[in-house]
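Printed here is upload.pdb (PDB, C-alpha atoms and all ligand atoms):
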```
ATOM      1  CA  MET I 633       2.487   1.477  -0.307
ATOM      2  CA  SER I 634       5.099   3.516   1.580
ATOM      3  CA  GLU I 635       7.104   0.624   2.962
ATOM      4  CA  MET I 636      10.610   1.388   4.208
ATOM      5  CA  VAL I 637      13.348   0.501   1.768
ATOM      6  CA  HIS I 638      16.379  -0.810   3.598
ATOM      7  CA  THR I 639      19.601   0.087   1.871
ATOM      8  CA  ASP I 640      23.051  -1.421   1.952
ATOM      9  CA  PRO I 641      25.342   1.235   3.489
ATOM     10  CA  ALA I 642      28.231   0.168   1.267
ATOM     11  CA  THR I 643      26.411   0.584  -2.037
ATOM     12  CA  GLY I 644      23.391   2.761  -1.223
ATOM     13  CA  LEU I 645      21.261   0.245  -3.117
ATOM     14  CA  PRO I 646      18.210  -1.463  -1.616
ATOM     15  CA  THR I 647      19.168  -4.577   0.326
ATOM     16  CA  GLY I 648      19.080  -7.648  -1.884
ATOM     17  CA  THR I 649      19.305  -5.708  -5.146
ATOM     18  CA  VAL I 650      19.519  -8.270  -7.954
ATOM     19  CA  ALA I 651      20.059  -5.897 -10.884
ATOM     20  CA  ALA I 652      20.703  -2.210 -11.520
ATOM     21  CA  PHE I 653      19.936  -0.294 -14.700
ATOM     22  CA  LEU I 654      21.770   2.836 -15.798
ATOM     23  CA  THR I 655      19.727   5.921 -16.699
ATOM     24  CA  LEU I 656      20.633   8.385 -19.460
ATOM     25  CA  ALA I 657      22.238  10.586 -16.797
ATOM     26  CA  ALA I 658      24.113   7.741 -15.052
ATOM     27  CA  ALA I 659      21.802   7.290 -12.065
ATOM     28  CA  LEU I 660      20.920   3.729 -11.090
ATOM     29  CA  VAL I 661      17.542   2.036 -11.043
ATOM     30  CA  ALA I 662      17.684  -0.882  -8.604
ATOM     31  CA  LEU I 663      15.616  -4.065  -8.848
ATOM     32  CA  TYR I 664      15.152  -5.685  -5.441
ATOM     33  CA  PRO I 665      12.981  -8.305  -3.729
ATOM     34  CA  THR I 666      10.296  -7.078  -1.327
ATOM     35  CA  GLY I 667      10.425 -10.259   0.732
ATOM     36  CA  GLY I 668       6.848 -11.032  -0.203
ATOM     37  CA  THR I 669       5.480 -13.466  -2.733
ATOM     38  CA  THR I 670       2.993 -13.156  -5.565
ATOM     39  CA  GLU I 671      -0.358 -14.921  -5.511
ATOM     40  CA  HIS I 672       1.398 -17.715  -7.399
ATOM     41  CA  GLY I 673       4.118 -18.074  -4.768
ATOM     42  CA  HIS I 674       6.907 -16.374  -6.702
ATOM     43  CA  PRO I 675       9.146 -13.757  -5.053
ATOM     44  CA  GLU I 676       7.905 -10.185  -5.497
ATOM     45  CA  PHE I 677      10.184  -7.441  -6.753
ATOM     46  CA  ARG I 678      10.058  -3.662  -6.938
ATOM     47  CA  TRP I 679      12.292  -1.065  -8.514
ATOM     48  CA  LEU I 680      13.631   2.187  -7.105
ATOM     49  CA  CYS I 681      15.300   4.975  -9.075
ATOM     50  CA  LEU I 682      18.218   6.470  -7.152
ATOM     51  CA  GLY I 683      18.184   9.446  -9.527
ATOM     52  CA  CYS I 684      14.662  10.850  -9.280
ATOM     53  CA  GLY I 685      13.375   8.740  -6.385
ATOM     54  CA  ASP I 686      10.521   7.268  -8.397
ATOM     55  CA  ARG I 687       9.645   3.661  -7.696
ATOM     56  CA  GLY I 688       7.484   0.816  -8.840
ATOM     57  CA  TYR I 689       3.987   1.395  -7.545
ATOM     58  CA  TYR I 690       3.226  -2.296  -7.147
ATOM     59  CA  ALA I 691       5.300  -5.286  -6.158
ATOM     60  CA  GLU I 692       5.390  -7.557  -9.191
ATOM     61  CA  GLN I 693       6.980 -10.746 -10.339
ATOM     62  CA  ARG I 694      10.606 -10.384 -11.332
ATOM     63  CA  GLY I 695      10.246 -10.245 -15.108
ATOM     64  CA  THR I 696       7.586  -7.550 -14.989
ATOM     65  CA  ALA I 697       9.420  -5.427 -12.422
ATOM     66  CA  ARG I 698      12.642  -5.864 -14.370
ATOM     67  CA  ASN I 699      11.057  -4.607 -17.570
ATOM     68  CA  ARG I 700       9.541  -1.600 -15.811
ATOM     69  CA  ALA I 701      12.887  -0.789 -14.156
ATOM     70  CA  ASN I 702      14.632  -0.951 -17.501
ATOM     71  CA  SER I 703      11.938   1.193 -19.147
ATOM     72  CA  HIS I 704      12.263   3.827 -16.428
ATOM     73  CA  ALA I 705      16.045   3.835 -16.799
ATOM     74  CA  ALA I 706      15.657   4.445 -20.533
ATOM     75  CA  GLU I 707      13.455   7.513 -19.935
ATOM     76  CA  CYS I 708      14.804   9.034 -16.713
ATOM     77  CA  ARG I 709      17.217  11.929 -17.048
ATOM     78  CA  ALA I 710      17.641  12.651 -13.324
ATOM     79  CA  ILE I 711      21.241  12.953 -12.266
ATOM     80  CA  PRO I 712      22.666  10.951  -9.359
ATOM     81  CA  TRP I 713      22.112  12.948  -6.161
ATOM     82  CA  PRO I 714      24.806  13.155  -3.487
ATOM     83  CA  SER I 715      23.935  11.194  -0.367
ATOM     84  CA  ALA I 716      23.146  13.368   2.657
ATOM     85  CA  SER I 717      25.365  11.145   4.801
ATOM     86  CA  ALA I 718      28.409  11.431   2.551
TER      87      ALA I 718
HETATM   88 ZN    ZN U 801      14.222   8.161 -12.305
END
```

Translate this file's structure into structure tokens.
Amino acid sequence: MSEMVHTDPATGLPTGTVAAFLTLAAALVALYPTGGTTEHGHPEFRWLCLGCGDRGYYAEQRGTARNRANSHAAECRAIPWPSASA
């Protein structure tokens, strides 16, 4: 549920991010693999919004997580937040 998300220090995106969707306010929603597999043996993915911090509640197969990430990006108006380490 509250698993740590490891991020790439160069990009600030979750490690292994395979796609990123742009919100209305130019924040990114990252699609990344959890490292786990679905009950059918496919890689599991989750999404994380770098604007508002919302995330996919469940790990899901790629297509489903991708669609949810894209839907969130289409609705989210949170602005990109400066990194505390910058
Ligand atoms: Zn958001």

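What separates atom ZN of ligand ZN 801 (chain U) from CA of Arg700 (chain I) is a distance of 11.4 Å.
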
Can you translate the PyMOL selection byres (((chain I and resi 668) around 12) and not hetatm) into the concrete residues it hits in this file, as an MDAnalysis selection string?
chainID I and resid 664:667 669:678 690:694

Given the PyMOL selection byres (((not hetatm)) within 9 of (chain U and resi 801)), the residues it picks as a PDB file with C-alpha atoms, in the coordinates of the input:
```
ATOM      1  CA  THR I 655      19.727   5.921 -16.699  1.00  0.00           C
ATOM      2  CA  ALA I 659      21.802   7.290 -12.065  1.00  0.00           C
ATOM      3  CA  LEU I 660      20.920   3.729 -11.090  1.00  0.00           C
ATOM      4  CA  VAL I 661      17.542   2.036 -11.043  1.00  0.00           C
ATOM      5  CA  LEU I 680      13.631   2.187  -7.105  1.00  0.00           C
ATOM      6  CA  CYS I 681      15.300   4.975  -9.075  1.00  0.00           C
ATOM      7  CA  LEU I 682      18.218   6.470  -7.152  1.00  0.00           C
ATOM      8  CA  GLY I 683      18.184   9.446  -9.527  1.00  0.00           C
ATOM      9  CA  CYS I 684      14.662  10.850  -9.280  1.00  0.00           C
ATOM     10  CA  GLY I 685      13.375   8.740  -6.385  1.00  0.00           C
ATOM     11  CA  ASP I 686      10.521   7.268  -8.397  1.00  0.00           C
ATOM     12  CA  ARG I 687       9.645   3.661  -7.696  1.00  0.00           C
ATOM     13  CA  HIS I 704      12.263   3.827 -16.428  1.00  0.00           C
ATOM     14  CA  ALA I 705      16.045   3.835 -16.799  1.00  0.00           C
ATOM     15  CA  GLU I 707      13.455   7.513 -19.935  1.00  0.00           C
ATOM     16  CA  CYS I 708      14.804   9.034 -16.713  1.00  0.00           C
ATOM     17  CA  ARG I 709      17.217  11.929 -17.048  1.00  0.00           C
ATOM     18  CA  ALA I 710      17.641  12.651 -13.324  1.00  0.00           C
ATOM     19  CA  ILE I 711      21.241  12.953 -12.266  1.00  0.00           C
TER      20      ILE I 711
END
```

One residue among I:Thr639, I:Thr696, I:Thr649, I:Ser703 is nearest to Leu663 (chain I) when using only C-alpha atoms, and that residue is I:Thr649

Build an axis-aligned box that encloses every atom of region 698-703 of chain I listed in the file, pad it by 3 Å on each side, and report its centre and edge lengths in Å to one decimal, as AutoDock Vina command-line options.
```
--center_x 12.1 --center_y -2.3 --center_z -16.7 --size_x 11.1 --size_y 13.1 --size_z 11.0
```

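Between CA of Leu645 (chain I) and CA of Ala662 (chain I) the interatomic distance comes to 6.6 Å.
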
Expressed in Å to a single decimal, how great is the separation between CA of Ala657 (chain I) and CA of Met636 (chain I)?
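CA of Met636 (chain I) lies 25.7 Å from CA of Ala657 (chain I).
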